[in-house]
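Okay, structure first, notes after.
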Amino acid sequence: MSKFTDEMYATAHSSDRALVTGEPDAPVRHTWGEIHAVARCMAGGLAAAGIGHGDAVGVLAGQPVDIAPAVQATWMRGASVTMLHQPTPRTDLVAWAADTEAVLRMIDARAVIVGDPFDAAAPLLAERGIRVVTVADLRTGPDTDPLPTTETDIALQQLTSGSTGAPKAVQITHRNFYVNAYAMIDRIKFDRNHDVMISWLPLFHDMGMVGFLSVPMQYGAEVVSITPLDFLRRPLLWAELIEKYRGTVTAAPNFAYSLLSRRLRQAPDGAVDLSSVRYMWNGAEPVDPDTVTTLATDGARFGLDPAALTPVYGMAETTLAVSVPDAGRGLVLDTVDAELLEAVGRAVPTDRGPVRRLATLGYLVDNLEGRVVDAEGRVLPARGVGVIQVRGPAVTPGYVTTEGFVPAQDADGWLDTGDVGYFTEDGLVVVCGRIKDVIIMGGRNIYPTDIERAAARVTGVRPGNAVAVRLDAGDKRESFAVVVESNAFDDSGEVERIEHEVAHEVFAEIGVRPRRVAVLGPGALPKTSSGKLRRGNTLALL
């Protein structure tokens with residue numbers, strides 16, 4: 001057996017830790033042994049469906065209690081899991097079915113496991129000649145032993161959240177899974193006897209699937225899991241579960257902390273107790289220092305330790321974690337000269353003149369090395385700004401695409417992350433933005449995140465819903481537009497105020513005015529399945 005599956009099965013036989021689901025209405029605690037027993041039957045159902053070693057299986061289910069045994073059963077058959085993008089009430093189901101078919105053809109899926117609340121999608125898939133097996137039917141399968149697995153077997157084919165047009169999936173091996181799991185566990189000194197993980201993250205995103213499902217299932221950690229819809233219906237539920245279960249480790253993208261902060265600000269004293277938290281990871285999208293400091297202020301009344309608020313850096317291509325701060329560090333800012341950062345690509349510390357306050361993202365996790373290179377591939381010294389590259393045993397071998405397999409590493413094993421950033425003198429990682437999104441104006445490299453943070457400060461702009469897109473990319477006179485969402489989008493007076501204030505805040509922040517500011521209604525901005533804003537699609541929308 002691979003170390004990943006070997007430890008997972010050992011955990012099932014020895015651990016009393018569990019997956020808690022069903023909150024807030026009907027919480028149920030399933031030990032990892034109980035989940036394994038269900039997975040053994042589901043593996044028998046998959047065997048009857050012809051699923052064997054090396055096959056690919058798609059999963060379309062929304063409930064963690066279904067997903068956990070389904071993915072373990074798939075691994076028991078030596079197959080790989082692909083968590084399919086889930087349709088929403090606004091989704092065009094015909095278009096979704098066509099896109100899903102393209103993904104399934106790309107990975108050469110032998111079957112799709114379908115569960116609640118997506119059972120209605122089964123006929124749409126079956127009509128396209130795709131074999132569908134339901135969670136309910138698999139649960140009635142015969143108890144079946146796992147097949148042998150190797151370190152190079154593919155465990156997960158993670159659809160890339162930023163892809164547009166042709167689909168692409170990151171291939172994660174059993175070895176990748178095991179190495180990255182312990183890189184995270186060791187960094188935060190996770191104690192399986194006392195730590196409790198709380199998550200509402202979507203399990204079709206790598207942070208949810210890897211960090212809050214496969215790692216706990218492999219290692220034997222207690223995890224309380226609700227769905228993203230549960231969180232969005234009532235963001236304070238997240239805090240209530242932390243109190244109820246004495247949660248110590250949780251994670252979310254930046255926008256979610258904005259929502260939580262607002263709800264805490266409105267809550268009465270004593271509404272929740274957040275004193276148990278020791279790690280609140282902020283990742284999956286650019287970290288806004290203002291959001292972190294605001295949450296620290298709003299959470300103080302409820303016992304939240306500001307040192308628990310931890311910006312991190314990760315990506316599917318490294319299985320999950322790239323860098324994580326040591327415990328108790330909290331938000332560590334790097335304040336640098338804005339003009340030198342933009343004009344010459346050097347992050348020079350200063351506290352005078354125009355500055356940029358950038359969140360540091362901790363140190364590279366164990367078994368991962370990194371460097372920063374310029375446009376010609378030359379390695380830059382500390383505080384030289386360029387493209388971040390990483391290599392190590394947790395890095396994916398490559399991608400499966402509609403054109404076949406594409407390697408992710410160069411001849412020396414380096415992965416180009418596509419992120420622009422730098423390392424400080426003592427090795428802290430700082431990410432400035434995506435290289436494809438950088439706006440070049442008058443010889444300056446302007447990062448969309450700086451523009452978006454300025455726009456988000458305007459009253460009436462929905463948290464996490466401001467996008468800067470470059471116009472006339474590649475021309476000598478590049479410019480940019482800012483697009484925001486607001487609940488007041490149909491009030492002409494409010495729209496005019498928001499447009500004016502966004503332009504003013506952006507100019508105050510970077511010294512350049514946007515060519516255009518557009519105010520749209522809630523839900524109008526294009527996003528990936530995991531909730532990230534799509535800058536390219538926003539430009540097309542404009």
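Ligands are numbered from 1 in the order shown, residues from 1 within each chain, and chains are lettered A, B, ... in the order they appear in the structure tokens.
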
For this session: Using DSSP on the backbone coordinates, identify all residues within region 13-74 of chain A classified as helix (DSSP H, G or I); present the result as number ranges by chain.
Result: A: 13-14, 32-48, 64-74

Problem set entry | Members of region 225-336 of chain A assigned strand (DSSP E) by DSSP, as a list of chain:residue names |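 Everything in region 225-336 of chain A that counts as strand (DSSP E) is A:Ser225, A:Val249, A:Thr250, A:Ala251, A:Ala252, A:Tyr279, A:Met280, A:Trp281, A:Asn282, A:Leu309, A:Thr310, A:Pro311, A:Tyr313, A:Gly314, A:Ala321, A:Val322, A:Ser323, A:Val324, A:Leu333, A:Asp334, A:Thr335, A:Val336.
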
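Closest to Ala338 (chain A) among A:Thr248, A:Gln266, A:Asn445, A:Thr319 is A:Asn445, based on only C-alpha atoms.
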
Exercise. So, counting only C-alpha atoms, which residue among A:Gly44, A:Ile388, A:Val431, A:Trp200 is closest to Asp137 (chain A)?
Worked result: A:Gly44

Exercise. When you draw a straight line from CA of Arg105 (chain A) to CA of Ala48 (chain A), how long is it in Å?
Worked result: 21.6 Å

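Non-sequential neighbours of region 270-272 of chain A (distance at most 9 Å, separation of 2 or more positions within a chain, only C-alpha atoms) are Leu236, Ala239, Glu240, Ile242, Glu243, Lys244, Leu264, Ala267, Pro268, Leu274, Arg301, Phe302 and Gly303 of chain A.
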
Once you have the residues from the selection above, write them out as a PDB file, in the first residue's frame, restricted to C-alpha atoms.
```pdb
ATOM      1  CA  LEU A 236     -22.128  33.518  12.380  1.00  0.00           C
ATOM      2  CA  ALA A 239     -18.225  31.110  14.985  1.00  0.00           C
ATOM      3  CA  GLU A 240     -20.942  29.223  16.854  1.00  0.00           C
ATOM      4  CA  ILE A 242     -16.014  27.024  16.933  1.00  0.00           C
ATOM      5  CA  GLU A 243     -17.495  27.708  20.372  1.00  0.00           C
ATOM      6  CA  LYS A 244     -19.591  24.515  20.530  1.00  0.00           C
ATOM      7  CA  LEU A 264     -19.267  39.812  15.021  1.00  0.00           C
ATOM      8  CA  ALA A 267     -23.411  40.566  17.703  1.00  0.00           C
ATOM      9  CA  PRO A 268     -23.983  41.303  21.400  1.00  0.00           C
ATOM     10  CA  LEU A 274     -13.618  32.173  20.075  1.00  0.00           C
ATOM     11  CA  ARG A 301     -14.825  40.995  22.447  1.00  0.00           C
ATOM     12  CA  PHE A 302     -15.262  37.260  21.901  1.00  0.00           C
ATOM     13  CA  GLY A 303     -11.839  36.132  23.047  1.00  0.00           C
TER      14      GLY A 303
END
```

For this session: Might you pull out every residue within 12 Å of Trp96 (chain A), with only C-alpha atoms counted and same-chain residues fewer than 5 positions away left off, and present them as a PyMOL selection string?
Result: chain A and resi 84-91+101-103+121+124-125+529

Grab the residues selected above and save them as a PDB file, in the first residue's frame with C-alpha atoms.
```
ATOM      1  CA  LEU A  84     -16.843  18.005 -10.259  1.00  0.00           C
ATOM      2  CA  HIS A  85     -17.941  21.634 -10.337  1.00  0.00           C
ATOM      3  CA  GLN A  86     -21.372  21.865  -8.775  1.00  0.00           C
ATOM      4  CA  PRO A  87     -24.359  23.566 -10.400  1.00  0.00           C
ATOM      5  CA  THR A  88     -26.069  26.366  -8.486  1.00  0.00           C
ATOM      6  CA  PRO A  89     -29.665  27.627  -8.761  1.00  0.00           C
ATOM      7  CA  ARG A  90     -28.413  30.153 -11.344  1.00  0.00           C
ATOM      8  CA  THR A  91     -26.581  27.556 -13.439  1.00  0.00           C
ATOM      9  CA  GLU A 101     -19.022  16.036 -20.110  1.00  0.00           C
ATOM     10  CA  ALA A 102     -15.892  17.750 -21.461  1.00  0.00           C
ATOM     11  CA  VAL A 103     -14.190  17.304 -18.083  1.00  0.00           C
ATOM     12  CA  ALA A 121     -28.320  15.747 -12.483  1.00  0.00           C
ATOM     13  CA  LEU A 124     -28.531  14.706 -17.647  1.00  0.00           C
ATOM     14  CA  LEU A 125     -25.244  12.816 -17.369  1.00  0.00           C
ATOM     15  CA  SER A 529     -16.408  27.366  -8.816  1.00  0.00           C
TER      16      SER A 529
END
```

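In terms of minimum interatomic distance to Val324 (chain A), A:Leu364 ranks closest within A:Ala43, A:Ile451, A:Leu364, A:Val94, counting only C-alpha atoms.
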
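Interatomic distance, CA of Thr11 (chain A) against CA of Gly220 (chain A): 5.6 Å.
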
Exercise. Closest to Leu533 (chain A) among A:Tyr363, A:Phe507, A:Trp414, A:Phe255, using only C-alpha atoms?
Worked result: A:Phe255

For this session: Within 10 Å of Phe4 (chain A), counting only C-alpha atoms, which residues show up once you throw out same-chain ones fewer than 5 positions away? Write them as a list in words, please.
Result: Tyr9, Trp75, Thr149, Thr150, Glu151, Ala155, Thr173, His174, Arg175, Asn176, Phe177, Tyr178, Val179, Ala181, Ser214, Val215, Met217, Gln218 and Tyr219 of chain A

Taking N, CA, C and O atoms for each residue, export the selection above as a compact mmCIF listing (two decimals), in the first residue's frame.
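Dumped everything to result.txt:
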```txt
# COMPACT_ATOMS: atom_id res chain seq x y z
N TYR A 9 -6.12 3.55 6.41
CA TYR A 9 -6.78 2.34 6.89
C TYR A 9 -6.39 2.05 8.34
O TYR A 9 -7.22 1.59 9.14
N TRP A 75 -10.41 5.44 -3.61
CA TRP A 75 -8.99 5.16 -3.37
C TRP A 75 -8.78 3.68 -3.03
O TRP A 75 -7.75 3.10 -3.36
N THR A 149 -2.01 -0.10 -3.63
CA THR A 149 -1.73 1.18 -4.28
C THR A 149 -0.24 1.47 -4.18
O THR A 149 0.46 0.93 -3.32
N THR A 150 0.24 2.35 -5.06
CA THR A 150 1.65 2.74 -5.07
C THR A 150 1.77 4.24 -4.87
O THR A 150 0.79 4.98 -5.00
N GLU A 151 2.99 4.68 -4.58
CA GLU A 151 3.21 6.11 -4.34
C GLU A 151 2.96 6.96 -5.58
O GLU A 151 2.63 8.14 -5.47
N ALA A 155 -4.15 10.04 -7.00
CA ALA A 155 -5.24 10.01 -6.02
C ALA A 155 -6.32 11.04 -6.35
O ALA A 155 -7.51 10.78 -6.17
N THR A 173 -0.52 12.78 -6.71
CA THR A 173 -0.23 11.38 -6.44
C THR A 173 -0.40 11.06 -4.95
O THR A 173 -0.52 11.94 -4.11
N HIS A 174 -0.39 9.76 -4.64
CA HIS A 174 -0.44 9.32 -3.25
C HIS A 174 0.76 9.87 -2.48
O HIS A 174 0.62 10.27 -1.32
N ARG A 175 1.91 9.89 -3.10
CA ARG A 175 3.10 10.43 -2.43
C ARG A 175 2.93 11.93 -2.17
O ARG A 175 3.26 12.43 -1.08
N ASN A 176 2.41 12.67 -3.15
CA ASN A 176 2.13 14.10 -2.97
C ASN A 176 1.26 14.32 -1.74
O ASN A 176 1.53 15.18 -0.90
N PHE A 177 0.17 13.54 -1.65
CA PHE A 177 -0.77 13.67 -0.54
C PHE A 177 -0.07 13.48 0.80
O PHE A 177 -0.21 14.29 1.72
N TYR A 178 0.69 12.39 0.93
CA TYR A 178 1.29 12.04 2.21
C TYR A 178 2.32 13.08 2.64
O TYR A 178 2.33 13.52 3.80
N VAL A 179 3.18 13.50 1.71
CA VAL A 179 4.24 14.45 2.05
C VAL A 179 3.65 15.79 2.47
O VAL A 179 4.06 16.38 3.48
N ALA A 181 0.64 16.42 3.61
CA ALA A 181 -0.12 16.31 4.86
C ALA A 181 0.79 16.51 6.06
O ALA A 181 0.48 17.29 6.98
N SER A 214 -9.23 14.99 3.38
CA SER A 214 -8.29 13.88 3.21
C SER A 214 -7.24 13.83 4.31
O SER A 214 -6.89 12.74 4.80
N VAL A 215 -6.73 14.99 4.74
CA VAL A 215 -5.74 14.99 5.81
C VAL A 215 -6.34 14.47 7.12
O VAL A 215 -5.75 13.58 7.77
N MET A 217 -8.83 12.47 7.47
CA MET A 217 -9.16 11.06 7.27
C MET A 217 -7.90 10.20 7.30
O MET A 217 -7.90 9.07 7.79
N GLN A 218 -6.82 10.72 6.76
CA GLN A 218 -5.54 10.00 6.77
C GLN A 218 -4.94 9.95 8.17
O GLN A 218 -4.51 8.89 8.64
N TYR A 219 -4.93 11.09 8.83
CA TYR A 219 -4.18 11.26 10.08
C TYR A 219 -4.99 10.92 11.32
O TYR A 219 -4.45 10.55 12.36
```

For this session: With a distance cut-off of 9 Å and only C-alpha atoms, select the neighbouring residues of Arg462 (chain A), excluding the residue or stretch itself and same-chain residues fewer than 3 positions from it, and output the selection as a ChimeraX atom specification.
Result: /A:456,459,465-466,484-487,522

Can you write out the residues you just picked, keeping N, CA, C and O atoms, as a short mmCIF file (atom, residue, chain, number, x, y, z; two decimals), in the first residue's frame?
```cif
data_model
loop_
_atom_site.label_atom_id
_atom_site.label_comp_id
_atom_site.auth_asym_id
_atom_site.auth_seq_id
_atom_site.Cartn_x
_atom_site.Cartn_y
_atom_site.Cartn_z
N ALA A 456 -12.48 48.36 -2.18
CA ALA A 456 -13.31 47.67 -1.19
C ALA A 456 -13.53 48.51 0.07
O ALA A 456 -14.44 48.21 0.86
N THR A 459 -17.79 52.58 1.19
CA THR A 459 -19.07 52.14 1.74
C THR A 459 -20.03 51.78 0.61
O THR A 459 -20.17 52.53 -0.35
N ASN A 465 -15.84 41.75 -3.45
CA ASN A 465 -16.44 41.85 -4.78
C ASN A 465 -16.03 43.14 -5.48
O ASN A 465 -16.86 43.94 -5.92
N ALA A 466 -14.71 43.32 -5.57
CA ALA A 466 -14.13 44.41 -6.34
C ALA A 466 -13.04 43.82 -7.22
O ALA A 466 -12.19 43.06 -6.74
N VAL A 484 -17.18 46.77 -9.39
CA VAL A 484 -17.57 46.39 -8.03
C VAL A 484 -19.02 45.96 -8.02
O VAL A 484 -19.80 46.32 -8.90
N GLU A 485 -19.37 45.19 -6.99
CA GLU A 485 -20.77 44.85 -6.76
C GLU A 485 -21.30 45.68 -5.59
O GLU A 485 -20.57 45.97 -4.64
N SER A 486 -22.57 46.03 -5.68
CA SER A 486 -23.21 46.78 -4.60
C SER A 486 -24.69 46.43 -4.55
O SER A 486 -25.33 46.23 -5.59
N ASN A 487 -25.22 46.37 -3.34
CA ASN A 487 -26.67 46.16 -3.20
C ASN A 487 -27.46 47.37 -3.68
O ASN A 487 -28.67 47.26 -3.93
N PRO A 522 -25.44 42.36 -7.03
CA PRO A 522 -24.90 41.15 -6.39
C PRO A 522 -24.94 39.95 -7.33
O PRO A 522 -25.94 39.72 -8.02
#
```

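Each of A:Gly211, A:Pro526, A:Pro514, A:Pro24 was checked against Ile226 (chain A) using only C-alpha atoms; the smallest atom-to-atom distance is that of A:Pro24.
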
Residue neighbourhood Leu304 (chain A), 12 Å, only C-alpha atoms, exclusion window fewer than 4 positions, as a short mmCIF file (atom, residue, chain, number, x, y, z; two decimals) with all heavy atoms, in the first residue's frame:
```cif
data_model
loop_
_atom_site.label_atom_id
_atom_site.label_comp_id
_atom_site.auth_asym_id
_atom_site.auth_seq_id
_atom_site.Cartn_x
_atom_site.Cartn_y
_atom_site.Cartn_z
N ALA A 239 -18.72 30.78 13.65
CA ALA A 239 -18.23 31.11 14.98
C ALA A 239 -18.92 30.28 16.06
O ALA A 239 -18.30 29.86 17.04
CB ALA A 239 -18.43 32.60 15.25
N ILE A 242 -17.31 26.94 16.26
CA ILE A 242 -16.01 27.02 16.93
C ILE A 242 -16.22 26.97 18.44
O ILE A 242 -15.51 26.26 19.17
CB ILE A 242 -15.27 28.31 16.52
CG1 ILE A 242 -14.81 28.20 15.05
CG2 ILE A 242 -14.08 28.57 17.44
CD1 ILE A 242 -14.22 29.48 14.49
N GLU A 243 -17.21 27.73 18.94
CA GLU A 243 -17.49 27.71 20.37
C GLU A 243 -17.98 26.33 20.82
O GLU A 243 -17.49 25.77 21.80
CB GLU A 243 -18.54 28.75 20.73
CG GLU A 243 -18.95 28.69 22.19
CD GLU A 243 -20.06 29.67 22.55
OE1 GLU A 243 -20.86 30.03 21.66
OE2 GLU A 243 -20.11 30.08 23.72
N GLY A 247 -13.28 24.60 18.68
CA GLY A 247 -12.45 24.50 17.48
C GLY A 247 -11.13 25.22 17.63
O GLY A 247 -11.06 26.31 18.21
N THR A 248 -10.08 24.61 17.10
CA THR A 248 -8.73 25.20 17.19
C THR A 248 -8.14 25.58 15.85
O THR A 248 -7.29 26.47 15.78
CB THR A 248 -7.77 24.22 17.89
OG1 THR A 248 -7.70 23.00 17.13
CG2 THR A 248 -8.22 23.90 19.30
N SER A 261 -16.35 39.20 10.24
CA SER A 261 -16.07 40.39 11.03
C SER A 261 -17.32 41.26 11.16
O SER A 261 -17.64 41.76 12.25
CB SER A 261 -14.94 41.19 10.37
OG SER A 261 -14.54 42.26 11.18
N LEU A 264 -19.74 39.67 13.64
CA LEU A 264 -19.27 39.81 15.02
C LEU A 264 -19.48 41.23 15.53
O LEU A 264 -19.82 41.45 16.69
CB LEU A 264 -17.78 39.44 15.11
CG LEU A 264 -17.44 37.97 14.90
CD1 LEU A 264 -15.93 37.78 14.90
CD2 LEU A 264 -18.08 37.09 15.97
N VAL A 272 -20.66 34.58 21.24
CA VAL A 272 -19.84 33.40 20.94
C VAL A 272 -18.54 33.50 21.73
O VAL A 272 -18.17 34.57 22.22
CB VAL A 272 -19.52 33.28 19.43
CG1 VAL A 272 -20.76 32.95 18.63
CG2 VAL A 272 -18.88 34.56 18.91
N ASP A 273 -17.86 32.37 21.82
CA ASP A 273 -16.56 32.31 22.49
C ASP A 273 -15.56 31.74 21.49
O ASP A 273 -15.65 30.59 21.10
CB ASP A 273 -16.65 31.43 23.73
CG ASP A 273 -15.31 31.29 24.45
OD1 ASP A 273 -14.32 31.93 24.02
OD2 ASP A 273 -15.24 30.52 25.43
N LEU A 274 -14.61 32.58 21.07
CA LEU A 274 -13.62 32.17 20.08
C LEU A 274 -12.23 31.98 20.70
O LEU A 274 -11.23 31.94 19.98
CB LEU A 274 -13.55 33.23 18.96
CG LEU A 274 -14.86 33.49 18.21
CD1 LEU A 274 -14.67 34.59 17.18
CD2 LEU A 274 -15.36 32.22 17.54
N SER A 275 -12.18 31.84 22.00
CA SER A 275 -10.89 31.77 22.68
C SER A 275 -10.13 30.48 22.40
O SER A 275 -8.92 30.41 22.67
CB SER A 275 -11.08 31.94 24.19
OG SER A 275 -11.91 30.91 24.71
N SER A 276 -10.80 29.46 21.87
CA SER A 276 -10.12 28.19 21.62
C SER A 276 -9.27 28.21 20.35
O SER A 276 -8.39 27.36 20.17
CB SER A 276 -11.14 27.06 21.51
OG SER A 276 -12.02 27.28 20.42
N VAL A 277 -9.51 29.17 19.45
CA VAL A 277 -8.85 29.15 18.14
C VAL A 277 -7.37 29.47 18.26
O VAL A 277 -6.98 30.46 18.88
CB VAL A 277 -9.50 30.18 17.19
CG1 VAL A 277 -8.79 30.18 15.84
CG2 VAL A 277 -10.97 29.86 16.99
N ARG A 278 -6.55 28.62 17.63
CA ARG A 278 -5.12 28.94 17.57
C ARG A 278 -4.63 29.12 16.14
O ARG A 278 -3.56 29.66 15.93
CB ARG A 278 -4.29 27.89 18.29
CG ARG A 278 -4.26 26.50 17.70
CD ARG A 278 -3.50 25.54 18.60
NE ARG A 278 -3.21 24.27 17.96
CZ ARG A 278 -2.10 24.02 17.25
NH1 ARG A 278 -1.19 24.97 17.11
NH2 ARG A 278 -1.90 22.84 16.70
N TYR A 279 -5.40 28.69 15.15
CA TYR A 279 -5.05 28.94 13.75
C TYR A 279 -6.32 29.27 12.97
O TYR A 279 -7.24 28.45 12.88
CB TYR A 279 -4.41 27.70 13.11
CG TYR A 279 -2.90 27.72 13.05
CD1 TYR A 279 -2.15 26.81 13.79
CD2 TYR A 279 -2.23 28.64 12.25
CE1 TYR A 279 -0.76 26.82 13.73
CE2 TYR A 279 -0.84 28.65 12.18
CZ TYR A 279 -0.11 27.74 12.92
OH TYR A 279 1.27 27.76 12.86
N MET A 280 -6.37 30.48 12.42
CA MET A 280 -7.38 30.87 11.44
C MET A 280 -6.64 31.19 10.16
O MET A 280 -6.19 32.31 9.95
CB MET A 280 -8.17 32.10 11.92
CG MET A 280 -9.48 31.79 12.59
SD MET A 280 -10.47 33.30 12.83
CE MET A 280 -12.03 32.56 13.31
N VAL A 292 -7.68 41.50 8.06
CA VAL A 292 -7.15 40.75 9.21
C VAL A 292 -7.19 41.61 10.47
O VAL A 292 -7.62 41.17 11.54
CB VAL A 292 -5.72 40.27 8.93
CG1 VAL A 292 -5.16 39.51 10.13
CG2 VAL A 292 -5.70 39.36 7.69
N THR A 293 -6.74 42.86 10.36
CA THR A 293 -6.71 43.74 11.54
C THR A 293 -8.13 44.08 12.01
O THR A 293 -8.39 44.19 13.21
CB THR A 293 -5.91 45.02 11.26
OG1 THR A 293 -6.43 45.66 10.09
CG2 THR A 293 -4.45 44.69 11.02
N THR A 294 -9.05 44.24 11.08
CA THR A 294 -10.44 44.51 11.44
C THR A 294 -11.04 43.32 12.17
O THR A 294 -11.76 43.49 13.19
CB THR A 294 -11.28 44.85 10.20
OG1 THR A 294 -10.74 46.00 9.56
CG2 THR A 294 -12.73 45.12 10.58
N LEU A 295 -10.77 42.11 11.70
CA LEU A 295 -11.28 40.92 12.38
C LEU A 295 -10.68 40.79 13.77
O LEU A 295 -11.37 40.40 14.73
CB LEU A 295 -10.98 39.67 11.55
CG LEU A 295 -11.43 38.34 12.17
CD1 LEU A 295 -12.93 38.35 12.46
CD2 LEU A 295 -11.07 37.18 11.25
N ALA A 296 -9.41 41.13 13.89
CA ALA A 296 -8.78 41.08 15.22
C ALA A 296 -9.50 42.02 16.18
O ALA A 296 -9.74 41.68 17.35
CB ALA A 296 -7.30 41.44 15.11
N THR A 297 -9.86 43.20 15.70
CA THR A 297 -10.56 44.17 16.53
C THR A 297 -11.96 43.69 16.87
O THR A 297 -12.39 43.72 18.04
CB THR A 297 -10.64 45.53 15.81
OG1 THR A 297 -9.32 46.01 15.56
CG2 THR A 297 -11.39 46.54 16.64
N ASP A 298 -12.69 43.23 15.84
CA ASP A 298 -14.07 42.81 16.06
C ASP A 298 -14.16 41.51 16.86
O ASP A 298 -15.15 41.25 17.54
CB ASP A 298 -14.79 42.64 14.72
CG ASP A 298 -14.97 43.96 13.99
OD1 ASP A 298 -15.08 45.00 14.67
OD2 ASP A 298 -14.99 43.96 12.74
N GLY A 299 -13.11 40.68 16.76
CA GLY A 299 -13.12 39.40 17.47
C GLY A 299 -12.65 39.49 18.90
O GLY A 299 -12.82 38.55 19.68
N ALA A 300 -12.04 40.62 19.27
CA ALA A 300 -11.47 40.76 20.62
C ALA A 300 -12.53 40.59 21.70
O ALA A 300 -12.28 39.99 22.76
CB ALA A 300 -10.78 42.11 20.76
N ALA A 308 -3.79 34.26 16.26
CA ALA A 308 -4.31 33.11 15.54
C ALA A 308 -4.62 33.42 14.08
O ALA A 308 -4.78 32.51 13.27
CB ALA A 308 -5.58 32.59 16.22
N LEU A 309 -4.71 34.70 13.74
CA LEU A 309 -5.09 35.11 12.38
C LEU A 309 -3.86 35.01 11.48
O LEU A 309 -2.94 35.82 11.55
CB LEU A 309 -5.65 36.52 12.40
CG LEU A 309 -6.84 36.72 13.35
CD1 LEU A 309 -7.33 38.16 13.31
CD2 LEU A 309 -7.96 35.76 13.04
N GLY A 330 0.72 35.23 13.98
CA GLY A 330 -0.33 36.13 13.53
C GLY A 330 0.05 36.84 12.24
O GLY A 330 0.86 36.35 11.44
#
```

For this session: Calculate how many Å separate CA of Glu339 (chain A) from CA of Ala508 (chain A), rounding to one decimal.
Result: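 If I compute the distance from CA of Glu339 (chain A) to CA of Ala508 (chain A), I get 14.0 Å.
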
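Compared by their closest atoms to Cys41 (chain A), and using only C-alpha atoms, the residues A:Met76, A:Pro142, A:Ala10, A:Ala221 rank with A:Pro142 nearest.
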